[in-house]
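Raw contents of data.cif, mmCIF, C-alpha atoms:
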data_input
loop_
_atom_site.label_atom_id
_atom_site.label_comp_id
_atom_site.auth_asym_id
_atom_site.auth_seq_id
_atom_site.Cartn_x
_atom_site.Cartn_y
_atom_site.Cartn_z
CA TRP A 132 17.63 237.39 56.57
CA GLU A 133 15.84 237.99 59.85
CA ASN A 134 12.62 239.75 60.68
CA ALA A 135 12.41 242.24 63.52
CA ALA A 136 12.54 241.04 67.10
CA ASN A 137 9.26 239.78 68.63
CA SER A 138 7.45 240.06 65.31
CA THR A 139 5.47 237.74 63.06
CA LEU A 140 6.13 237.30 59.36
CA ASN A 141 3.05 235.98 57.55
CA ILE A 142 3.84 234.15 54.31
CA GLY A 143 0.96 233.41 51.96
CA GLY A 144 2.97 231.89 49.11
CA SER A 145 6.10 229.81 48.74
CA LEU A 146 9.37 230.85 50.34
CA LEU A 147 12.17 229.99 47.93
CA THR A 148 15.75 231.19 48.40
CA THR A 149 19.04 230.11 46.91
CA GLY A 150 21.14 231.53 49.74
CA THR A 151 21.18 231.08 53.49
CA LEU A 152 18.04 232.02 55.40
CA THR A 153 18.23 232.46 59.16
CA ALA A 154 15.08 233.01 61.19
CA THR A 155 16.49 232.44 64.65
CA ALA A 156 18.47 235.55 65.60
CA ASN A 157 15.46 237.26 67.20
CA PRO A 158 12.49 235.77 69.07
CA ASN A 159 10.26 235.92 66.02
CA THR A 160 7.52 233.84 64.40
CA VAL A 161 7.18 232.77 60.78
CA ASN A 162 3.56 231.94 59.96
CA TYR A 163 2.75 230.08 56.76
CA ASN A 164 -0.93 230.83 56.23
CA GLY A 165 -1.64 230.75 52.50
CA ALA A 166 -4.95 229.53 51.13
CA GLY A 167 -3.23 227.62 48.31
CA ASN A 168 -0.27 225.28 47.97
CA GLN A 169 2.96 226.52 49.56
CA THR A 170 6.56 225.39 49.71
CA LEU A 171 8.18 225.93 53.11
CA LYS A 172 11.85 226.79 53.19
CA GLY A 173 13.98 224.10 54.79
CA THR A 174 15.89 225.98 57.49
CA THR A 175 15.93 226.68 61.24
CA TYR A 176 13.11 228.78 62.70
CA TYR A 177 12.62 230.22 66.17
CA ASN A 178 8.81 230.01 66.28
CA LEU A 179 7.05 228.34 63.36
CA THR A 180 3.29 228.33 62.73
CA ILE A 181 1.52 226.38 60.01
CA ASN A 182 -2.01 227.71 59.72
CA LYS A 183 -3.28 227.01 56.23
CA THR A 184 -6.94 227.31 55.38
CA GLY A 185 -6.48 225.59 52.01
CA GLY A 186 -3.96 223.87 49.81
CA THR A 187 -1.00 221.81 50.97
CA ALA A 188 2.27 222.80 52.62
CA THR A 189 5.31 221.02 51.19
CA LEU A 190 8.65 221.15 52.97
CA GLY A 191 11.41 222.13 50.58
CA GLY A 192 13.91 220.55 53.00
CA ASN A 193 14.20 219.49 56.61
CA ILE A 194 13.11 222.08 59.18
CA THR A 195 14.28 222.68 62.75
CA VAL A 196 12.20 224.71 65.21
CA SER A 197 14.22 225.88 68.19
CA ASN A 198 11.38 227.34 70.28
CA THR A 199 7.65 226.79 69.58
CA LEU A 200 6.02 224.80 66.78
CA ASN A 201 2.32 225.54 66.20
CA LEU A 202 0.46 223.04 64.00
CA THR A 203 -2.79 224.93 63.65
CA ASP A 204 -4.38 224.06 60.31
CA GLY A 205 -3.53 222.39 57.02
CA THR A 206 -1.67 219.38 55.63
CA VAL A 207 2.14 219.15 55.58
CA ASN A 208 4.05 216.79 53.30
CA ASN A 209 7.64 215.60 52.76
CA ASN A 210 10.84 215.73 54.81
CA THR A 211 11.11 216.15 58.59
CA ILE A 212 10.42 218.76 61.26
CA THR A 213 12.70 218.62 64.30
CA ALA A 214 11.15 220.25 67.38
CA GLN A 215 13.54 221.43 70.09
CA GLY A 216 10.91 223.37 72.07
CA ASP A 217 7.17 223.24 72.72
CA ILE A 218 4.65 221.81 70.26
CA ASN A 219 1.00 222.91 70.02
CA LEU A 220 -1.42 220.80 67.99
CA ALA A 221 -4.87 222.17 67.11
CA SER A 222 -7.92 220.01 66.39
CA THR A 223 -8.06 221.64 62.92
CA PHE A 224 -4.63 220.34 61.85
CA ASP A 225 -4.79 217.61 59.19
CA SER A 226 -1.44 215.80 59.40
CA GLY A 227 0.37 214.78 56.18
CA SER A 228 3.43 212.72 55.26
CA THR A 229 5.98 214.89 57.09
CA ALA A 230 7.58 213.28 60.15
CA LEU A 231 8.03 215.13 63.44
CA THR A 232 10.96 214.35 65.74
CA ILE A 233 11.13 215.74 69.29
CA THR A 234 14.80 216.03 70.21
CA GLY A 235 15.24 218.92 72.65
CA ASN A 236 17.58 218.35 75.61
CA ASN A 237 15.51 220.79 77.69
CA ASN A 238 11.98 220.62 79.12
CA GLN A 239 9.32 220.57 76.38
CA LEU A 240 5.52 220.70 76.37
CA LEU A 241 3.37 218.77 73.89
CA THR A 242 -0.20 220.08 73.86
CA GLY A 243 -3.00 218.32 71.97
CA GLY A 244 -6.03 219.84 70.32
CA GLY A 245 -8.48 218.75 73.00
CA SER A 246 -10.75 216.67 70.74
CA ASP A 247 -11.13 212.91 70.45
CA SER A 248 -12.96 213.21 67.13
CA ALA A 249 -11.04 215.91 65.22
CA GLY A 250 -7.42 216.68 64.45
CA ASP A 251 -4.55 214.51 63.24
CA PHE A 252 -0.89 214.57 64.30
CA LEU A 253 2.21 213.90 62.21
CA ALA A 254 4.20 210.68 62.46
CA LEU A 255 6.07 211.16 65.73
CA THR A 256 9.46 210.12 67.10
CA ILE A 257 10.39 211.03 70.69
CA ASN A 258 14.18 211.01 71.02
CA LYS A 259 15.10 213.32 73.88
CA THR A 260 18.62 213.28 75.33
CA GLY A 261 17.72 215.52 78.30
CA GLY A 262 14.91 217.38 80.01
CA ILE A 263 11.29 216.23 80.37
CA LEU A 264 8.61 216.03 77.69
CA THR A 265 5.29 216.86 79.33
CA LEU A 266 2.05 215.81 77.67
CA ALA A 267 -0.41 218.57 78.53
CA ASN A 268 -3.64 217.67 80.28
CA THR A 269 -5.64 217.53 77.08
CA ILE A 270 -6.45 215.17 74.19
CA LEU A 271 -3.94 214.43 71.44
CA ARG A 272 -5.43 212.57 68.45
CA THR A 273 -3.22 210.91 65.86
CA GLY A 274 -3.50 208.60 62.87
CA ARG A 275 0.25 208.29 62.23
CA ASN A 276 3.07 206.12 63.57
CA TRP A 277 4.19 206.82 67.14
CA THR A 278 7.78 205.92 68.06
CA TYR A 279 9.37 206.30 71.47
CA THR A 280 13.18 206.01 71.43
CA GLN A 281 14.35 207.72 74.62
CA GLY A 282 13.61 210.54 77.03
CA GLU A 283 11.70 211.20 80.25
CA ILE A 284 7.94 211.63 79.77
CA ALA A 285 5.48 213.28 82.18
CA VAL A 286 1.99 212.20 81.09
CA GLY A 287 -0.08 214.14 83.63
CA THR A 288 -3.77 213.39 83.01
CA SER A 289 -3.46 213.60 79.22
CA THR A 290 -5.27 211.41 76.70
CA VAL A 291 -3.73 210.02 73.51
CA VAL A 292 -6.22 208.78 70.91
CA PHE A 293 -5.07 206.48 68.13
CA ALA A 294 -7.53 206.74 65.24
CA ILE A 295 -8.11 207.37 61.52
CA ARG A 296 -5.66 204.98 59.77
CA ASN A 297 -3.40 201.96 60.20
CA LEU A 298 -0.36 202.81 62.33
CA ILE A 299 2.54 201.33 64.27
CA ILE A 300 3.41 202.05 67.90
CA ALA A 301 7.05 201.30 68.75
CA GLY A 302 8.99 201.68 71.99
CA ASN A 303 8.11 201.00 75.63
CA MET A 304 6.19 204.10 76.73
CA THR A 305 3.76 205.05 79.48
CA PHE A 306 0.54 206.97 78.74
CA TYR A 307 -2.20 208.21 81.07
CA ASN A 308 -5.51 207.72 79.21
CA LEU A 309 -5.11 205.72 76.02
CA THR A 310 -7.83 205.19 73.38
CA PHE A 311 -8.06 203.11 70.21
CA ASN A 312 -11.02 204.38 68.20
CA SER A 313 -11.19 203.66 64.45
CA ALA A 314 -11.98 200.62 62.32
CA VAL A 315 -8.33 200.20 61.31
CA THR A 316 -5.35 198.03 62.31
CA TYR A 317 -2.99 199.20 65.05
CA THR A 318 0.28 197.34 65.43
CA ILE A 319 2.29 197.43 68.63
CA ALA A 320 5.80 196.50 67.51
CA ALA A 321 6.93 193.03 68.57
CA GLY A 322 8.60 193.17 71.98
CA THR A 323 7.05 196.55 72.78
CA THR A 324 4.99 197.14 75.93
CA ILE A 325 2.89 200.28 76.32
CA THR A 326 1.32 201.16 79.65
CA ALA A 327 -1.90 203.06 80.41
CA THR A 328 -1.92 204.32 84.00
CA GLY A 329 -5.31 206.03 83.58
CA LYS A 330 -8.16 204.62 81.47
CA LEU A 331 -7.66 202.25 78.56
CA SER A 332 -10.52 202.55 76.04
CA LEU A 333 -10.70 199.83 73.37
CA LEU A 334 -13.51 201.28 71.28
CA ASN A 335 -12.83 200.21 67.67
CA GLY A 336 -10.21 198.55 65.49
CA ASN A 337 -7.70 195.69 65.70
CA VAL A 338 -4.56 195.73 67.85
CA ASN A 339 -1.81 193.35 66.76
CA THR A 340 1.28 191.98 68.55
CA GLY A 341 2.97 193.66 71.51
CA THR A 342 1.55 194.17 74.98
CA ILE A 343 -0.66 196.74 76.72
CA ASN A 344 -0.35 197.03 80.49
CA ALA A 345 -3.58 198.42 81.96
CA GLN A 346 -3.08 199.89 85.43
CA GLY A 347 -6.40 201.77 85.58
CA ASP A 348 -9.93 201.14 84.31
CA ILE A 349 -10.60 199.35 81.02
CA ASP A 350 -13.57 199.89 78.69
CA VAL A 351 -14.14 197.52 75.76
CA SER A 352 -16.81 198.39 73.21
CA THR A 353 -18.70 195.85 71.13
CA ASP A 354 -17.21 197.63 68.06
CA PHE A 355 -13.69 196.61 69.09
CA ASP A 356 -12.23 193.83 66.93
CA GLY A 357 -9.54 192.48 69.24
CA ASP A 358 -6.62 190.63 67.61
CA THR A 359 -3.27 189.20 68.67
CA ALA A 360 -1.90 191.79 71.12
CA THR A 361 -1.87 190.93 74.83
CA LEU A 362 -3.73 192.94 77.46
CA VAL A 363 -2.27 192.62 80.96
CA ILE A 364 -4.36 193.99 83.83
CA ASN A 365 -1.74 194.67 86.49
CA GLY A 366 -2.63 197.80 88.42
CA SER A 367 -2.01 197.82 92.17
CA GLY A 368 -5.25 199.68 93.02
CA THR A 369 -8.95 199.17 92.33
CA GLN A 370 -9.72 198.73 88.62
CA THR A 371 -12.99 198.29 86.72
CA PHE A 372 -13.13 196.21 83.54
CA THR A 373 -16.31 197.12 81.64
CA GLY A 374 -17.81 195.58 78.54
CA ILE A 375 -19.89 198.31 76.88
CA GLY A 376 -22.29 198.46 73.96
CA SER A 377 -25.42 196.58 72.95
CA GLY A 378 -24.07 194.33 70.23
CA THR A 379 -24.35 190.56 70.28
CA THR A 380 -20.69 189.89 69.56
CA ALA A 381 -17.31 191.54 70.02
CA ASP A 382 -13.66 190.63 70.38
CA LEU A 383 -10.97 190.98 72.98
CA LEU A 384 -7.20 190.77 73.11
CA ASN A 385 -5.34 187.92 74.75
CA LEU A 386 -6.00 188.70 78.43
CA GLU A 387 -3.91 188.19 81.54
CA ILE A 388 -5.14 189.28 84.98
CA ASN A 389 -2.07 189.67 87.17
CA LYS A 390 -2.89 192.16 89.90
CA PRO A 391 -0.36 192.34 92.76
CA SER A 392 -2.94 194.13 94.94
CA GLY A 393 -6.31 195.89 94.78
CA THR A 394 -9.58 194.60 93.35
CA LEU A 395 -10.65 194.08 89.75
CA ASN A 396 -14.36 194.82 89.29
CA LEU A 397 -16.06 193.18 86.31
CA ALA A 398 -18.98 195.14 84.85
CA GLY A 399 -21.36 194.85 81.91
CA THR A 400 -20.99 192.17 79.23
CA ILE A 401 -17.46 191.22 78.23
CA TYR A 402 -17.01 189.26 75.02
CA ALA A 403 -13.78 187.23 74.89
CA ASP A 404 -12.50 185.41 71.82
CA ARG A 405 -8.83 185.09 72.81
CA ASN A 406 -7.00 183.28 75.56
CA TRP A 407 -8.03 184.29 79.09
CA THR A 408 -5.44 183.85 81.86
CA TYR A 409 -5.96 184.53 85.56
CA THR A 410 -2.68 184.66 87.49
CA GLN A 411 -3.46 186.57 90.68
CA GLY A 412 -5.65 189.31 92.14
CA THR A 413 -8.96 189.83 93.92
CA ILE A 414 -11.97 189.67 91.56
CA ASN A 415 -15.35 191.27 92.23
CA GLU A 416 -17.56 189.79 89.53
CA GLY A 417 -20.64 191.88 90.42
CA THR A 418 -23.48 190.96 88.06
CA SER A 419 -21.27 190.92 84.97
CA THR A 420 -21.43 188.45 82.10
CA VAL A 421 -18.38 186.99 80.35
CA ILE A 422 -19.07 185.37 76.98
CA PHE A 423 -16.46 183.12 75.41
CA GLU A 424 -17.07 183.04 71.66
CA GLY A 425 -15.54 183.57 68.25
CA ARG A 426 -12.63 181.14 68.05
CA THR A 427 -10.74 178.36 69.79
CA LEU A 428 -9.24 179.59 73.07
CA THR A 429 -7.75 178.49 76.39
CA ILE A 430 -8.89 179.60 79.85
CA THR A 431 -6.16 179.33 82.48
CA GLY A 432 -6.34 179.87 86.24
CA ASN A 433 -8.86 179.29 89.02
CA MET A 434 -11.26 182.22 88.65
CA LYS A 435 -14.82 183.08 89.63
CA PHE A 436 -17.41 184.65 87.30
CA TYR A 437 -21.00 185.79 87.75
CA ASN A 438 -22.71 184.86 84.47
CA LEU A 439 -20.56 182.74 82.15
CA THR A 440 -21.50 181.77 78.59
CA PHE A 441 -19.90 179.51 75.99
CA ASN A 442 -21.41 180.35 72.60
CA SER A 443 -19.46 179.51 69.48
CA ALA A 444 -18.89 176.39 67.38
CA ASN A 445 -15.29 176.18 68.53
CA THR A 446 -13.22 174.36 71.11
CA PHE A 447 -12.80 176.00 74.51
CA THR A 448 -10.12 174.50 76.73
CA ILE A 449 -10.03 174.96 80.50
CA ALA A 450 -6.41 174.28 81.42
CA ALA A 451 -5.86 170.96 83.16
CA GLY A 452 -6.25 171.23 86.92
CA ASN A 453 -8.08 174.58 86.75
CA THR A 454 -11.59 175.26 88.09
CA LEU A 455 -13.96 178.04 87.00
CA THR A 456 -16.70 179.03 89.43
CA VAL A 457 -19.99 180.55 88.23
CA ASN A 458 -22.06 182.34 90.88
CA GLY A 459 -24.82 183.46 88.50
CA LYS A 460 -25.98 181.65 85.35
CA LEU A 461 -23.88 179.19 83.35
CA SER A 462 -25.00 179.07 79.70
CA LEU A 463 -23.61 176.24 77.55
CA LEU A 464 -24.99 177.31 74.16
CA ASN A 465 -22.50 176.17 71.52
CA GLY A 466 -19.05 174.61 71.14
CA ASN A 467 -16.87 172.08 72.95
CA VAL A 468 -15.36 172.55 76.41
CA ASN A 469 -12.30 170.39 77.12
CA THR A 470 -10.52 169.44 80.37
CA GLY A 471 -10.71 171.42 83.61
CA THR A 472 -13.76 171.83 85.82
#
Any chance you could put this one into structure tokens?
Amino acid sequence: WENAANSTLNIGGSLLTTGTLTATANPNTVNYNGAGNQTLKGTTYYNLTINKTGGTATLGGNITVSNTLNLTDGTVNNNTITAQGDINLASTFDSGSTALTITGNNNQLLTGGGSDSAGDFLALTINKTGGILTLANTILRTGRNWTYTQGEIAVGTSTVVFAIRNLIIAGNMTFYNLTFNSAVTYTIAAGTTITATGKLSLLNGNVNTGTINAQGDIDVSTDFDGDTATLVINGSGTQTFTGIGSGTTADLLNLEINKPSGTLNLAGTIYADRNWTYTQGTINEGTSTVIFEGRTLTITGNMKFYNLTFNSANTFTIAAGNTLTVNGKLSLLNGNVNTGT
């Protein structure tokens, strides 16, 4: 079976066949757009569009898309979609349990829906054996696992937003702008390092294990809940680390400042409840305030602050032989401070 060249076949119900179905011989598009539940035939498509205004799409088997996959609207469950060409995600798409694998050995384009508050991607695996996967200069929002296995990635000035539900990020991958923005738990797989070359926005949620390299600006909201991952500030240019929000408490990841060059500007109020390590780099403390609070922690390295506050019934340890310098106000409000100067 094949529809006419350069045409679109709209399917409003289920597509069930017992024989072989081929939808690749001509540059055509199959568009599943029913308002109710649909079963999608497991086969190979040239262009595939899922644009459901109601109901759920269920894959009757694994699907391969050789040219363009359009995830426009609806929820898709079961099995796997393998994308060998471009992928377009709309902000109206609602994800589902289906997994998406990007495997093309040619250049591919992944375009997000452009919204940081709407849309949801499928669980993603990037496993390219050739060509470049380009993340379009837009926003891609996802609440599913993100796995990088292999392949060259061009991130442009794109933004990836992790949100909505608990998820796992696996594989050492570079992003441009990277945002965590839901009250859920994000896990960076043990041994995995992800890098944000643009802005890193820690707005909400917990981030466990793994490492985030921040090579651009960093914003931390008072809604962010920190946790056990490590944040390494290691950009070679000027960076600004801003504590934002009006809350009275917040959390941070284990922090290491290790800038080979450039200046790190501190701005706003930064709440820190994990270990704070200064290794190298020029610091411009401005009129910022750093508040150590929340739990027992260790401060390592000779570093200068503007306002510095200790404010929790815990033990703060300044590593032996290290000196902290406070150019503004030092507030010793609660807790114990051991060793150091």
Need the shell around Gly471 in chain A: protein/DNA/RNA residues with any atom at most 8 Å away, counting all atoms listed in the file. Skip same-chain ones fewer than 2 positions apart. Format as a PDB file with C-alpha atoms, in the coordinates of the input?
ATOM      1  CA  THR A 448     -10.120 174.500  76.730  1.00  0.00           C
ATOM      2  CA  ILE A 449     -10.030 174.960  80.500  1.00  0.00           C
ATOM      3  CA  ALA A 450      -6.410 174.280  81.420  1.00  0.00           C
ATOM      4  CA  ALA A 451      -5.860 170.960  83.160  1.00  0.00           C
ATOM      5  CA  GLY A 452      -6.250 171.230  86.920  1.00  0.00           C
ATOM      6  CA  ASN A 453      -8.080 174.580  86.750  1.00  0.00           C
ATOM      7  CA  THR A 454     -11.590 175.260  88.090  1.00  0.00           C
ATOM      8  CA  ASN A 469     -12.300 170.390  77.120  1.00  0.00           C
TER       9      ASN A 469
END
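Computed from the coordinates, the CA of Pro158 in chain A to CA of Asn198 in chain A distance equals 8.6 Å.
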Could you tell me, as a PDB file with C-alpha atoms, in the coordinates of the input, exactly which residues end up selected when the PyMOL selection byres ((chain A and resi 337-345) around 8) is applied to this structure?
ATOM      1  CA  ALA A 314     -11.980 200.620  62.320  1.00  0.00           C
ATOM      2  CA  VAL A 315      -8.330 200.200  61.310  1.00  0.00           C
ATOM      3  CA  THR A 316      -5.350 198.030  62.310  1.00  0.00           C
ATOM      4  CA  TYR A 317      -2.990 199.200  65.050  1.00  0.00           C
ATOM      5  CA  THR A 318       0.280 197.340  65.430  1.00  0.00           C
ATOM      6  CA  ILE A 319       2.290 197.430  68.630  1.00  0.00           C
ATOM      7  CA  ALA A 320       5.800 196.500  67.510  1.00  0.00           C
ATOM      8  CA  ALA A 321       6.930 193.030  68.570  1.00  0.00           C
ATOM      9  CA  GLY A 322       8.600 193.170  71.980  1.00  0.00           C
ATOM     10  CA  THR A 323       7.050 196.550  72.780  1.00  0.00           C
ATOM     11  CA  THR A 324       4.990 197.140  75.930  1.00  0.00           C
ATOM     12  CA  ILE A 325       2.890 200.280  76.320  1.00  0.00           C
ATOM     13  CA  THR A 326       1.320 201.160  79.650  1.00  0.00           C
ATOM     14  CA  ALA A 327      -1.900 203.060  80.410  1.00  0.00           C
ATOM     15  CA  THR A 328      -1.920 204.320  84.000  1.00  0.00           C
ATOM     16  CA  GLY A 329      -5.310 206.030  83.580  1.00  0.00           C
ATOM     17  CA  LYS A 330      -8.160 204.620  81.470  1.00  0.00           C
ATOM     18  CA  LEU A 331      -7.660 202.250  78.560  1.00  0.00           C
ATOM     19  CA  ASN A 335     -12.830 200.210  67.670  1.00  0.00           C
ATOM     20  CA  GLY A 336     -10.210 198.550  65.490  1.00  0.00           C
ATOM     21  CA  GLN A 346      -3.080 199.890  85.430  1.00  0.00           C
ATOM     22  CA  GLY A 347      -6.400 201.770  85.580  1.00  0.00           C
ATOM     23  CA  ASP A 348      -9.930 201.140  84.310  1.00  0.00           C
ATOM     24  CA  ILE A 349     -10.600 199.350  81.020  1.00  0.00           C
ATOM     25  CA  PHE A 355     -13.690 196.610  69.090  1.00  0.00           C
ATOM     26  CA  ASP A 356     -12.230 193.830  66.930  1.00  0.00           C
ATOM     27  CA  GLY A 357      -9.540 192.480  69.240  1.00  0.00           C
ATOM     28  CA  ASP A 358      -6.620 190.630  67.610  1.00  0.00           C
ATOM     29  CA  THR A 359      -3.270 189.200  68.670  1.00  0.00           C
ATOM     30  CA  ALA A 360      -1.900 191.790  71.120  1.00  0.00           C
ATOM     31  CA  THR A 361      -1.870 190.930  74.830  1.00  0.00           C
ATOM     32  CA  LEU A 362      -3.730 192.940  77.460  1.00  0.00           C
ATOM     33  CA  VAL A 363      -2.270 192.620  80.960  1.00  0.00           C
ATOM     34  CA  ILE A 364      -4.360 193.990  83.830  1.00  0.00           C
ATOM     35  CA  ASN A 365      -1.740 194.670  86.490  1.00  0.00           C
ATOM     36  CA  GLY A 366      -2.630 197.800  88.420  1.00  0.00           C
ATOM     37  CA  LEU A 384      -7.200 190.770  73.110  1.00  0.00           C
TER      38      LEU A 384
END
Hey, could you make a per-residue contact list for range 156-231 of chain A against range 277-296 of chain A with 12 Å as the cut-off, showing the nearest pair of atoms and its distance in Å to one decimal, counting only C-alpha atoms, sorted by chain and number, as JSON lines?
{"residue": "A:Asp225", "atom": "CA", "partner": "A:Ile295", "partner_atom": "CA", "distance": 11.0}
{"residue": "A:Ser226", "atom": "CA", "partner": "A:Ile295", "partner_atom": "CA", "distance": 11.0}
{"residue": "A:Ala230", "atom": "CA", "partner": "A:Trp277", "partner_atom": "CA", "distance": 10.1}
{"residue": "A:Leu231", "atom": "CA", "partner": "A:Trp277", "partner_atom": "CA", "distance": 9.9}
request  = Given the file shown, determine the residues that the PyMOL selection byres ((chain A and resi 235-249) around 7) selects; report them as a list in words.
outcome  =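 With the shown file as input, the PyMOL selection byres ((chain A and resi 235-249) around 7) matches Ala214, Gln215, Gly216, Asp217, Ile218, Asn219, Leu220, Ala221, Ser222, Thr223, Ile233, Thr234, Gly250, Asp251, Lys259, Thr260, Gly261, Gly262, Ile263, Leu264, Thr265, Leu266, Ala267, Thr269, Ile270, Leu271, Arg272 and Val292 of chain A.
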Residues matched by the PyMOL selection byres ((chain A and resi 466) around 7) as a PyMOL selection string = chain A and resi 441-446+465+467-468
ask   = Suppose you want the space between CA of Leu146 in chain A and CA of Thr199 in chain A; what is it in Å?
value = 19.7 Å
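Close to (9.8, 220.1, 57.2), meaning no more than 9 Å away when counting only C-alpha atoms, sit the residues Leu171, Lys172, Gly173, Thr174, Thr189, Leu190, Gly191, Gly192, Asn193, Ile194, Thr195, Val207, Asn208, Asn209, Asn210, Thr211, Ile212, Thr213, Thr229, Ala230 and Leu231 of chain A.
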ask   = So how many Å separate CA of Gly186 in chain A and CA of Ser313 in chain A, to one decimal?
value =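 One can read the CA of Gly186 in chain A to CA of Ser313 in chain A distance as 26.0 Å.
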request  = Can you work out which one of A:Val421, A:Leu253, A:Leu463, A:Leu333 has the shortest atom-to-atom distance to Ala403 in chain A, counting all atoms listed in the file?
outcome  =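 Distance minimum relative to Ala403 in chain A lands on A:Val421.
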Return as JSON the centre and edge lengths, in Å with one decimal, of the box along x, y and z that encloses every atom of range 421-437 of chain A in the file, padded by 5 Å per side.
{"center_x": -13.6, "center_y": 182.7, "center_z": 78.8, "size_x": 24.8, "size_y": 18.6, "size_z": 31.6}
Can you rebuild range 399-414 of chain A with N, CA, C and O atoms and give it as a PDB file, keeping the file's coordinate frame?
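Contents of result_35.pdb, as written:
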ATOM      1  N   GLY A 399     -20.782 194.944  83.240  1.00  0.00           N
ATOM      2  CA  GLY A 399     -21.360 194.850  81.910  1.00  0.00           C
ATOM      3  C   GLY A 399     -21.174 193.469  81.308  1.00  0.00           C
ATOM      4  O   GLY A 399     -21.007 192.466  82.002  1.00  0.00           O
ATOM      5  N   THR A 400     -21.177 193.420  79.967  1.00  0.00           N
ATOM      6  CA  THR A 400     -20.990 192.170  79.230  1.00  0.00           C
ATOM      7  C   THR A 400     -19.667 192.215  78.495  1.00  0.00           C
ATOM      8  O   THR A 400     -19.439 193.090  77.665  1.00  0.00           O
ATOM      9  N   ILE A 401     -18.797 191.277  78.808  1.00  0.00           N
ATOM     10  CA  ILE A 401     -17.460 191.220  78.230  1.00  0.00           C
ATOM     11  C   ILE A 401     -17.398 190.020  77.288  1.00  0.00           C
ATOM     12  O   ILE A 401     -17.581 188.874  77.705  1.00  0.00           O
ATOM     13  N   TYR A 402     -17.162 190.303  76.014  1.00  0.00           N
ATOM     14  CA  TYR A 402     -17.010 189.260  75.020  1.00  0.00           C
ATOM     15  C   TYR A 402     -15.518 188.921  74.891  1.00  0.00           C
ATOM     16  O   TYR A 402     -14.682 189.815  74.720  1.00  0.00           O
ATOM     17  N   ALA A 403     -15.184 187.637  74.942  1.00  0.00           N
ATOM     18  CA  ALA A 403     -13.780 187.230  74.890  1.00  0.00           C
ATOM     19  C   ALA A 403     -13.607 186.147  73.836  1.00  0.00           C
ATOM     20  O   ALA A 403     -14.250 185.093  73.916  1.00  0.00           O
ATOM     21  N   ASP A 404     -12.743 186.399  72.863  1.00  0.00           N
ATOM     22  CA  ASP A 404     -12.500 185.410  71.820  1.00  0.00           C
ATOM     23  C   ASP A 404     -11.027 185.044  71.730  1.00  0.00           C
ATOM     24  O   ASP A 404     -10.592 184.427  70.765  1.00  0.00           O
ATOM     25  N   ARG A 405     -10.253 185.434  72.733  1.00  0.00           N
ATOM     26  CA  ARG A 405      -8.830 185.090  72.810  1.00  0.00           C
ATOM     27  C   ARG A 405      -8.559 184.422  74.152  1.00  0.00           C
ATOM     28  O   ARG A 405      -9.417 184.365  75.028  1.00  0.00           O
ATOM     29  N   ASN A 406      -7.347 183.960  74.322  1.00  0.00           N
ATOM     30  CA  ASN A 406      -7.000 183.280  75.560  1.00  0.00           C
ATOM     31  C   ASN A 406      -7.218 184.188  76.768  1.00  0.00           C
ATOM     32  O   ASN A 406      -6.966 185.403  76.718  1.00  0.00           O
ATOM     33  N   TRP A 407      -7.707 183.571  77.853  1.00  0.00           N
ATOM     34  CA  TRP A 407      -8.030 184.290  79.090  1.00  0.00           C
ATOM     35  C   TRP A 407      -7.213 183.636  80.204  1.00  0.00           C
ATOM     36  O   TRP A 407      -7.398 182.450  80.497  1.00  0.00           O
ATOM     37  N   THR A 408      -6.311 184.399  80.828  1.00  0.00           N
ATOM     38  CA  THR A 408      -5.440 183.850  81.860  1.00  0.00           C
ATOM     39  C   THR A 408      -5.595 184.637  83.146  1.00  0.00           C
ATOM     40  O   THR A 408      -5.452 185.862  83.157  1.00  0.00           O
ATOM     41  N   TYR A 409      -5.904 183.926  84.217  1.00  0.00           N
ATOM     42  CA  TYR A 409      -5.960 184.530  85.560  1.00  0.00           C
ATOM     43  C   TYR A 409      -4.738 184.035  86.330  1.00  0.00           C
ATOM     44  O   TYR A 409      -4.557 182.837  86.539  1.00  0.00           O
ATOM     45  N   THR A 410      -3.890 185.009  86.748  1.00  0.00           N
ATOM     46  CA  THR A 410      -2.680 184.660  87.490  1.00  0.00           C
ATOM     47  C   THR A 410      -2.831 184.961  88.962  1.00  0.00           C
ATOM     48  O   THR A 410      -2.586 184.118  89.819  1.00  0.00           O
ATOM     49  N   GLN A 411      -3.258 186.195  89.284  1.00  0.00           N
ATOM     50  CA  GLN A 411      -3.460 186.570  90.680  1.00  0.00           C
ATOM     51  C   GLN A 411      -4.307 187.837  90.731  1.00  0.00           C
ATOM     52  O   GLN A 411      -4.430 188.563  89.752  1.00  0.00           O
ATOM     53  N   GLY A 412      -4.876 188.103  91.922  1.00  0.00           N
ATOM     54  CA  GLY A 412      -5.650 189.310  92.140  1.00  0.00           C
ATOM     55  C   GLY A 412      -7.047 189.020  92.631  1.00  0.00           C
ATOM     56  O   GLY A 412      -7.636 187.978  92.317  1.00  0.00           O
ATOM     57  N   THR A 413      -7.597 189.959  93.411  1.00  0.00           N
ATOM     58  CA  THR A 413      -8.960 189.830  93.920  1.00  0.00           C
ATOM     59  C   THR A 413      -9.950 190.240  92.833  1.00  0.00           C
ATOM     60  O   THR A 413      -9.804 191.310  92.224  1.00  0.00           O
ATOM     61  N   ILE A 414     -10.962 189.403  92.590  1.00  0.00           N
ATOM     62  CA  ILE A 414     -11.970 189.670  91.560  1.00  0.00           C
ATOM     63  C   ILE A 414     -13.314 189.907  92.229  1.00  0.00           C
ATOM     64  O   ILE A 414     -13.766 189.106  93.058  1.00  0.00           O
TER      65      ILE A 414
END
